[in-house]
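Text of structure_21.cif, listed as mmCIF, C-alpha atoms:
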data_final
#
loop_
_atom_site.group_PDB
_atom_site.id
_atom_site.type_symbol
_atom_site.label_atom_id
_atom_site.label_comp_id
_atom_site.auth_asym_id
_atom_site.auth_seq_id
_atom_site.Cartn_x
_atom_site.Cartn_y
_atom_site.Cartn_z
ATOM 1 C CA MET A 19 -84.511 82.043 7.650
ATOM 2 C CA GLN A 20 -84.351 82.458 11.411
ATOM 3 C CA ASN A 21 -85.713 79.895 13.831
ATOM 4 C CA ARG A 22 -86.409 79.243 17.493
ATOM 5 C CA ILE A 23 -85.498 75.566 17.470
ATOM 6 C CA ARG A 24 -82.631 75.842 19.964
ATOM 7 C CA THR A 25 -84.731 77.925 22.359
ATOM 8 C CA GLU A 26 -87.651 75.501 22.218
ATOM 9 C CA ARG A 27 -85.400 72.484 22.578
ATOM 10 C CA GLU A 28 -83.549 73.900 25.570
ATOM 11 C CA LYS A 29 -86.847 74.933 27.173
ATOM 12 C CA ARG A 30 -87.757 71.240 27.191
ATOM 13 C CA GLY A 31 -84.346 70.135 28.453
ATOM 14 C CA TRP A 32 -83.642 68.047 25.354
ATOM 15 C CA THR A 33 -80.230 67.495 23.841
ATOM 16 C CA GLN A 34 -79.717 67.797 20.086
ATOM 17 C CA ALA A 35 -79.484 64.013 19.985
ATOM 18 C CA ASP A 36 -82.871 63.685 21.793
ATOM 19 C CA LEU A 37 -84.502 65.956 19.223
ATOM 20 C CA ALA A 38 -82.747 64.198 16.333
ATOM 21 C CA GLU A 39 -84.085 60.825 17.528
ATOM 22 C CA GLN A 40 -87.633 62.190 17.691
ATOM 23 C CA LEU A 41 -87.361 63.681 14.212
ATOM 24 C CA GLY A 42 -85.623 60.676 12.676
ATOM 25 C CA VAL A 43 -82.685 62.756 11.447
ATOM 26 C CA SER A 44 -79.024 63.061 12.425
ATOM 27 C CA ARG A 45 -77.733 65.255 15.238
ATOM 28 C CA GLN A 46 -75.613 66.957 12.593
ATOM 29 C CA THR A 47 -78.835 68.032 10.850
ATOM 30 C CA VAL A 48 -80.400 69.407 14.034
ATOM 31 C CA ASN A 49 -77.229 71.374 14.693
ATOM 32 C CA ALA A 50 -77.202 72.758 11.124
ATOM 33 C CA ILE A 51 -80.832 73.899 11.488
ATOM 34 C CA GLU A 52 -80.227 75.508 14.890
ATOM 35 C CA THR A 53 -77.191 77.404 13.698
ATOM 36 C CA GLY A 54 -78.986 78.609 10.561
ATOM 37 C CA LYS A 55 -76.679 76.715 8.203
ATOM 38 C CA TYR A 56 -79.583 74.744 6.800
ATOM 39 C CA ASP A 57 -83.278 75.451 6.261
ATOM 40 C CA PRO A 58 -85.256 72.215 6.577
ATOM 41 C CA SER A 59 -87.620 70.864 3.939
ATOM 42 C CA LEU A 60 -91.334 71.435 4.427
ATOM 43 C CA PRO A 61 -91.971 67.851 5.679
ATOM 44 C CA LEU A 62 -89.187 68.215 8.271
ATOM 45 C CA ALA A 63 -90.466 71.661 9.274
ATOM 46 C CA PHE A 64 -93.883 70.073 9.875
ATOM 47 C CA ARG A 65 -92.291 67.351 12.001
ATOM 48 C CA LEU A 66 -90.501 70.043 14.042
ATOM 49 C CA ALA A 67 -93.779 71.891 14.508
ATOM 50 C CA SER A 68 -95.454 68.683 15.619
ATOM 51 C CA VAL A 69 -92.679 67.763 18.077
ATOM 52 C CA PHE A 70 -92.804 71.247 19.664
ATOM 53 C CA ASP A 71 -96.595 71.470 19.345
ATOM 54 C CA GLN A 72 -96.355 74.825 17.588
ATOM 55 C CA ARG A 73 -97.135 76.227 14.175
ATOM 56 C CA ILE A 74 -94.376 76.449 11.582
ATOM 57 C CA ASP A 75 -94.584 80.249 11.483
ATOM 58 C CA GLN A 76 -94.015 80.322 15.253
ATOM 59 C CA LEU A 77 -90.759 78.389 14.799
ATOM 60 C CA PHE A 78 -89.484 79.936 11.554
ATOM 61 C CA THR A 79 -89.416 83.552 10.462
ATOM 62 C CA PRO A 80 -88.031 84.899 7.199
ATOM 63 C CA ASP A 81 -84.939 87.109 7.321
ATOM 64 C CA ALA A 82 -85.805 90.788 7.526
ATOM 65 C CA MET B 24 -68.573 59.180 17.338
ATOM 66 C CA ASP B 25 -69.917 61.009 20.413
ATOM 67 C CA ASP B 26 -71.958 63.501 18.404
ATOM 68 C CA GLU B 27 -74.112 60.828 16.785
ATOM 69 C CA THR B 28 -77.403 59.434 17.989
ATOM 70 C CA PRO B 29 -77.406 55.680 18.819
ATOM 71 C CA ARG B 30 -79.308 54.985 15.578
ATOM 72 C CA GLU B 31 -76.767 56.946 13.509
ATOM 73 C CA GLN B 32 -73.929 55.041 15.160
ATOM 74 C CA GLU B 33 -75.620 51.722 14.490
ATOM 75 C CA LEU B 34 -76.226 52.545 10.803
ATOM 76 C CA ARG B 35 -72.718 53.859 10.219
ATOM 77 C CA ARG B 36 -71.112 50.858 11.938
ATOM 78 C CA ARG B 37 -73.273 48.495 9.897
ATOM 79 C CA TYR B 38 -72.196 50.287 6.709
ATOM 80 C CA ARG B 39 -68.515 49.987 7.646
ATOM 81 C CA ARG B 40 -68.895 46.299 8.565
ATOM 82 C CA HIS B 41 -70.633 45.498 5.277
ATOM 83 C CA ILE B 42 -68.319 47.538 3.046
ATOM 84 C CA PHE B 43 -65.308 45.939 4.760
ATOM 85 C CA ALA B 44 -66.759 42.441 4.235
ATOM 86 C CA ALA B 45 -67.597 43.181 0.585
ATOM 87 C CA THR B 46 -64.103 44.562 -0.039
ATOM 88 C CA LEU B 47 -62.571 41.498 1.602
ATOM 89 C CA VAL B 48 -64.593 39.171 -0.643
ATOM 90 C CA TYR B 49 -63.646 41.319 -3.657
ATOM 91 C CA VAL B 50 -59.946 40.926 -2.905
ATOM 92 C CA ALA B 51 -60.437 37.214 -2.134
ATOM 93 C CA VAL B 52 -62.003 36.715 -5.582
ATOM 94 C CA LEU B 53 -59.718 39.108 -7.459
ATOM 95 C CA ALA B 54 -56.418 37.621 -6.291
ATOM 96 C CA PRO B 55 -56.969 34.033 -7.540
ATOM 97 C CA VAL B 56 -58.594 35.328 -10.745
ATOM 98 C CA ALA B 57 -55.596 37.567 -11.470
ATOM 99 C CA PHE B 58 -52.963 34.949 -10.623
ATOM 100 C CA TRP B 59 -54.551 31.657 -11.692
ATOM 101 C CA GLY B 60 -57.469 32.695 -13.902
ATOM 102 C CA GLY B 61 -55.434 32.384 -17.086
ATOM 103 C CA LEU B 62 -56.674 35.778 -18.243
ATOM 104 C CA ASP B 63 -53.886 36.025 -20.804
ATOM 105 C CA GLY B 64 -54.620 32.518 -22.141
ATOM 106 C CA THR B 65 -56.971 31.361 -24.866
ATOM 107 C CA SER B 66 -59.672 29.505 -22.940
ATOM 108 C CA PRO B 67 -63.129 31.047 -23.362
ATOM 109 C CA TRP B 68 -63.530 30.618 -19.568
ATOM 110 C CA ARG B 69 -61.097 33.489 -19.081
ATOM 111 C CA PHE B 70 -63.962 35.894 -19.798
ATOM 112 C CA VAL B 71 -66.054 34.317 -17.045
ATOM 113 C CA PHE B 72 -63.119 34.472 -14.627
ATOM 114 C CA ALA B 73 -62.396 38.089 -15.608
ATOM 115 C CA LEU B 74 -65.981 39.061 -14.757
ATOM 116 C CA LEU B 75 -66.179 37.101 -11.476
ATOM 117 C CA PRO B 76 -64.989 40.064 -9.320
ATOM 118 C CA LEU B 77 -68.071 41.914 -10.552
ATOM 119 C CA LEU B 78 -70.169 39.898 -8.077
ATOM 120 C CA PRO B 79 -68.510 41.286 -4.900
ATOM 121 C CA ALA B 80 -68.173 44.663 -6.667
ATOM 122 C CA ALA B 81 -71.957 44.666 -7.138
ATOM 123 C CA TRP B 82 -72.314 43.875 -3.428
ATOM 124 C CA MET B 83 -70.089 46.892 -2.610
ATOM 125 C CA PHE B 84 -72.255 49.007 -4.897
ATOM 126 C CA THR B 85 -75.483 47.958 -3.149
ATOM 127 C CA VAL B 86 -73.933 48.644 0.287
ATOM 128 C CA ILE B 87 -73.025 52.192 -0.815
ATOM 129 C CA VAL B 88 -76.443 52.809 -2.384
ATOM 130 C CA ARG B 89 -78.171 51.604 0.785
ATOM 131 C CA ARG B 90 -75.977 53.954 2.828
ATOM 132 C CA PHE B 91 -77.067 56.864 0.657
ATOM 133 C CA ARG B 92 -80.702 55.887 1.206
ATOM 134 C CA GLU B 93 -80.141 55.996 4.985
ATOM 135 C CA LEU B 94 -78.861 59.586 4.940
ATOM 136 C CA ASP B 95 -81.260 62.364 5.866
ATOM 137 C CA GLU B 96 -81.914 65.454 3.745
ATOM 138 C CA TYR B 97 -79.059 67.560 5.138
ATOM 139 C CA GLN B 98 -76.555 64.716 5.016
ATOM 140 C CA LEU B 99 -77.523 64.050 1.390
ATOM 141 C CA ARG B 100 -76.950 67.700 0.607
ATOM 142 C CA LEU B 101 -73.457 67.411 2.110
ATOM 143 C CA ALA B 102 -72.778 64.226 0.156
ATOM 144 C CA PHE B 103 -73.785 65.513 -3.289
ATOM 145 C CA PRO B 104 -70.719 67.709 -4.011
ATOM 146 C CA GLY B 105 -68.396 64.737 -3.448
ATOM 147 C CA VAL B 106 -70.435 62.486 -5.723
ATOM 148 C CA GLY B 107 -70.616 65.196 -8.394
ATOM 149 C CA ALA B 108 -66.908 65.966 -8.198
ATOM 150 C CA GLY B 109 -66.029 62.248 -8.306
ATOM 151 C CA LEU B 110 -68.218 61.735 -11.366
ATOM 152 C CA ALA B 111 -66.788 64.812 -13.102
ATOM 153 C CA ALA B 112 -63.204 63.741 -12.331
ATOM 154 C CA ALA B 113 -63.875 60.226 -13.658
ATOM 155 C CA MET B 114 -65.477 61.571 -16.840
ATOM 156 C CA LEU B 115 -62.733 64.140 -17.438
ATOM 157 C CA SER B 116 -59.956 61.624 -16.880
ATOM 158 C CA SER B 117 -61.727 59.149 -19.174
ATOM 159 C CA VAL B 118 -61.900 61.742 -21.971
ATOM 160 C CA THR B 119 -58.289 62.768 -21.300
ATOM 161 C CA PHE B 120 -56.969 59.195 -21.515
ATOM 162 C CA GLY B 121 -59.155 58.641 -24.583
ATOM 163 C CA PHE B 122 -57.658 61.582 -26.472
ATOM 164 C CA LEU B 123 -54.126 60.665 -25.379
ATOM 165 C CA SER B 124 -54.790 57.184 -26.725
ATOM 166 C CA LEU B 125 -55.951 58.648 -30.072
ATOM 167 C CA ALA B 126 -52.663 60.555 -30.195
ATOM 168 C CA GLY B 127 -50.771 57.318 -29.732
ATOM 169 C CA LEU B 128 -50.001 57.524 -26.005
ATOM 170 C CA THR B 129 -51.576 54.491 -24.386
ATOM 171 C CA LEU B 130 -51.024 54.360 -20.639
ATOM 172 C CA PRO B 131 -51.297 51.019 -18.826
ATOM 173 C CA PHE B 132 -54.234 50.326 -16.495
ATOM 174 C CA THR B 133 -56.156 53.454 -17.522
ATOM 175 C CA ALA B 134 -59.490 51.875 -16.501
ATOM 176 C CA TRP B 135 -58.159 51.440 -12.959
ATOM 177 C CA LEU B 136 -56.656 54.931 -12.974
ATOM 178 C CA ILE B 137 -60.080 56.374 -13.822
ATOM 179 C CA LEU B 138 -61.631 54.362 -10.989
ATOM 180 C CA PHE B 139 -59.083 55.642 -8.472
ATOM 181 C CA ILE B 140 -59.270 59.238 -9.731
ATOM 182 C CA GLY B 141 -63.086 59.244 -9.443
ATOM 183 C CA GLY B 142 -63.168 57.454 -6.093
ATOM 184 C CA GLY B 143 -60.265 59.488 -4.728
ATOM 185 C CA THR B 144 -61.880 62.777 -5.706
ATOM 186 C CA TRP B 145 -65.105 61.686 -4.028
ATOM 187 C CA ARG B 146 -63.230 60.931 -0.765
ATOM 188 C CA VAL B 147 -61.175 64.158 -0.845
ATOM 189 C CA VAL B 148 -64.184 66.426 -1.491
ATOM 190 C CA ASN B 149 -66.080 64.651 1.320
ATOM 191 C CA GLN B 150 -63.358 65.813 3.708
ATOM 192 C CA PHE B 151 -64.188 69.429 2.880
ATOM 193 C CA THR B 152 -67.983 69.175 2.869
ATOM 194 C CA GLY B 153 -68.242 67.281 6.151
ATOM 195 C CA ALA B 154 -69.727 64.224 4.454
ATOM 196 C CA SER B 155 -66.730 62.016 5.266
ATOM 197 C CA LYS B 156 -68.146 61.060 8.656
ATOM 198 C CA GLN B 157 -71.133 59.418 6.911
ATOM 199 C CA PHE B 158 -68.847 56.942 5.185
#
Let me see the structure of the file written as structure tokens.
Amino acid sequence: MQNRIRTEREKRGWTQADLAEQLGVSRQTVNAIETGKYDPSLPLAFRLASVFDQRIDQLFTPDA
Amino acid sequence: MDDETPREQELRRRYRRHIFAATLVYVAVLAPVAFWGGLDGTSPWRFVFALLPLLPAAWMFTVIVRRFRELDEYQLRLAFPGVGAGLAAAMLSSVTFGFLSLAGLTLPFTAWLILFIGGGTWRVVNQFTGASKQF
């Protein structure tokens, strides 16, 4: 799964820690998602979509 | 740690404070029980004294369980291999010591050995999975 989390976060000038605080997860988790090491659960994907005010399919795309 | 959010830092520090306190109480109870509890005597109270360290041990257990409940989904995923490996190591060593005992080789303190093998494996595997920083 590919995602645009880092791009969207940097666009808003947030650090990984800022985003982690908003999502209620660890910075380690945000980093793992951004680097593609971890695909979040559906509830966390919805929280990401809500924080960035985007749809899930705008943030995540399946590997080709 | 610099790469943690303030909430993560607070939770991890609280865990370390509580597990340290629980361990301290465990040792404080264990030492007098072992030296003056008369565990090798004949008084029926020796069973009560022998089980007294279970109280702080139960406290340690609840501190660890609460820590697991504080972890998020990715951190839990990192923590599972260590828990699984620790459990497997403890079970394997238990069976090993059991069979050795059947064959007539009874090693001293095998219950404690199993505890340290299981706990030690958990800690070592955590170093490789990246879960060690949670504990």
Exercise for review: For Thr46 of chain B, please output as a ChimeraX atom specification all residues within 9 Å (counting all atoms listed in the file; exclusion window: fewer than 6 positions along the same chain).
Suggested key: /B:79-80,82-83
Review point. Between A:Thr53, A:Leu77, A:Thr47, A:Ala67, which one has atoms that come closest to Gly153 of chain B, using only C-alpha atoms?
Key: A:Thr47
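Once the PyMOL selection byres ((chain A and resi 43) around 10) is applied to this file, the selection holds Ala35, Leu37, Ala38, Glu39, Gln40, Leu41, Gly42, Ser44, Arg45, Gln46, Thr47, Val48 and Leu62 of chain A; Thr28, Arg30, Glu31, Glu93, Leu94, Asp95, Glu96, Tyr97 and Gln98 of chain B.
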Practice item. Please measure the separation of atom CA of Phe151 of chain B and atom CA of Gln34 of chain A, giving the value in Å to one decimal. Key: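 Taking atom CA of Phe151 of chain B and atom CA of Gln34 of chain A, their separation equals 23.2 Å.
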Expansion of the PyMOL selection byres ((chain B and resi 114) around 12) into residues, as a tab-separated table (two decimals) with C-alpha atoms, in the coordinates of the input:
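Everything below was put into expr39.tsv:
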chain	number	residue	atom	x	y	z
B	107	GLY	CA	-70.62	65.20	-8.39
B	108	ALA	CA	-66.91	65.97	-8.20
B	109	GLY	CA	-66.03	62.25	-8.31
B	110	LEU	CA	-68.22	61.74	-11.37
B	111	ALA	CA	-66.79	64.81	-13.10
B	112	ALA	CA	-63.20	63.74	-12.33
B	113	ALA	CA	-63.88	60.23	-13.66
B	115	LEU	CA	-62.73	64.14	-17.44
B	116	SER	CA	-59.96	61.62	-16.88
B	117	SER	CA	-61.73	59.15	-19.17
B	118	VAL	CA	-61.90	61.74	-21.97
B	119	THR	CA	-58.29	62.77	-21.30
B	120	PHE	CA	-56.97	59.20	-21.52
B	121	GLY	CA	-59.16	58.64	-24.58
B	134	ALA	CA	-59.49	51.88	-16.50
B	136	LEU	CA	-56.66	54.93	-12.97
B	137	ILE	CA	-60.08	56.37	-13.82
B	138	LEU	CA	-61.63	54.36	-10.99
B	140	ILE	CA	-59.27	59.24	-9.73
B	141	GLY	CA	-63.09	59.24	-9.44
B	142	GLY	CA	-63.17	57.45	-6.09
B	144	THR	CA	-61.88	62.78	-5.71
Check your understanding: Could you spell out the hits of the PyMOL selection byres ((chain A and resi 22-28) around 9) on the shown file, as a VMD selection string?
Key -> chain A and resid 20 to 21 29 to 34 37 48 to 49 51 to 53 66 70 76 to 79
Atoms kept (C-alpha atoms) for selection, written as a PDB file, keeping the file's coordinate frame:
ATOM      1  CA  GLN A  20     -84.351  82.458  11.411  1.00  0.00           C
ATOM      2  CA  ASN A  21     -85.713  79.895  13.831  1.00  0.00           C
ATOM      3  CA  LYS A  29     -86.847  74.933  27.173  1.00  0.00           C
ATOM      4  CA  ARG A  30     -87.757  71.240  27.191  1.00  0.00           C
ATOM      5  CA  GLY A  31     -84.346  70.135  28.453  1.00  0.00           C
ATOM      6  CA  TRP A  32     -83.642  68.047  25.354  1.00  0.00           C
ATOM      7  CA  THR A  33     -80.230  67.495  23.841  1.00  0.00           C
ATOM      8  CA  GLN A  34     -79.717  67.797  20.086  1.00  0.00           C
ATOM      9  CA  LEU A  37     -84.502  65.956  19.223  1.00  0.00           C
ATOM     10  CA  VAL A  48     -80.400  69.407  14.034  1.00  0.00           C
ATOM     11  CA  ASN A  49     -77.229  71.374  14.693  1.00  0.00           C
ATOM     12  CA  ILE A  51     -80.832  73.899  11.488  1.00  0.00           C
ATOM     13  CA  GLU A  52     -80.227  75.508  14.890  1.00  0.00           C
ATOM     14  CA  THR A  53     -77.191  77.404  13.698  1.00  0.00           C
ATOM     15  CA  LEU A  66     -90.501  70.043  14.042  1.00  0.00           C
ATOM     16  CA  PHE A  70     -92.804  71.247  19.664  1.00  0.00           C
ATOM     17  CA  GLN A  76     -94.015  80.322  15.253  1.00  0.00           C
ATOM     18  CA  LEU A  77     -90.759  78.389  14.799  1.00  0.00           C
ATOM     19  CA  PHE A  78     -89.484  79.936  11.554  1.00  0.00           C
ATOM     20  CA  THR A  79     -89.416  83.552  10.462  1.00  0.00           C
TER      21      THR A  79
END
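Within 7 Å of the point (-70.7, 54.0, 7.3) in file coordinates, and counting all atoms listed in the file, lie the residues B:Leu34, B:Arg35, B:Arg36, B:Arg37, B:Tyr38, B:Arg39, B:Arg90, B:Gln157, B:Phe158.
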Exercise for review: Just give me the gap between atom CA of Phe84 of chain B and atom CA of Ser59 of chain A in Å, one decimal is fine.
Suggested key: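 Here the two named atoms are 28.1 Å from each other.
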Exercise for review: Figure out the distance between atom CA of Phe132 of chain B and atom CA of Val71 of chain B, please, to one decimal in Å.
Suggested key: 19.9 Å
Practice item. Identify which of the residues B:Ile42, B:Leu47, B:Leu128, B:Ala154 lies closest to chain A, counting all atoms listed in the file when measuring atom-to-atom distances. Key: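 Among B:Ile42, B:Leu47, B:Leu128, B:Ala154, it is B:Ala154 that comes nearest to chain A.
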**Study point:** Selected residue of minimal separation from chain B among A:Gln72, A:Ala50, A:Leu60, A:Pro80, counting only C-alpha atoms
**Key:**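 Once distances to chain B are computed over only C-alpha atoms, the minimum belongs to A:Ala50.
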Centre, edges in Å (one decimal): axis-aligned box, segment 72-82 of chain B, 3 Å padding on all six sides, as AutoDock Vina command-line options:
--center_x -67.4 --center_y 39.6 --center_z -9.5 --size_x 15.9 --size_y 16.2 --size_z 18.2
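The closest residue to chain B, picked from A:Asp75, A:Met19, A:Ala63, A:Pro58 and counting all atoms listed in the file, is A:Pro58.
Candidate residues B:Ser124, B:Thr65, B:Gln150, B:Gln32 were compared for distance to chain A, and the nearest is B:Gln32, using only C-alpha atoms.
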Point to revise | Distance criterion (all atoms listed in the file): nearest to Leu78 of chain B out of B:Gly64, B:Tyr49, B:Pro55, B:Pro104 | key: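 Selected residue with least distance to Leu78 of chain B: B:Tyr49.
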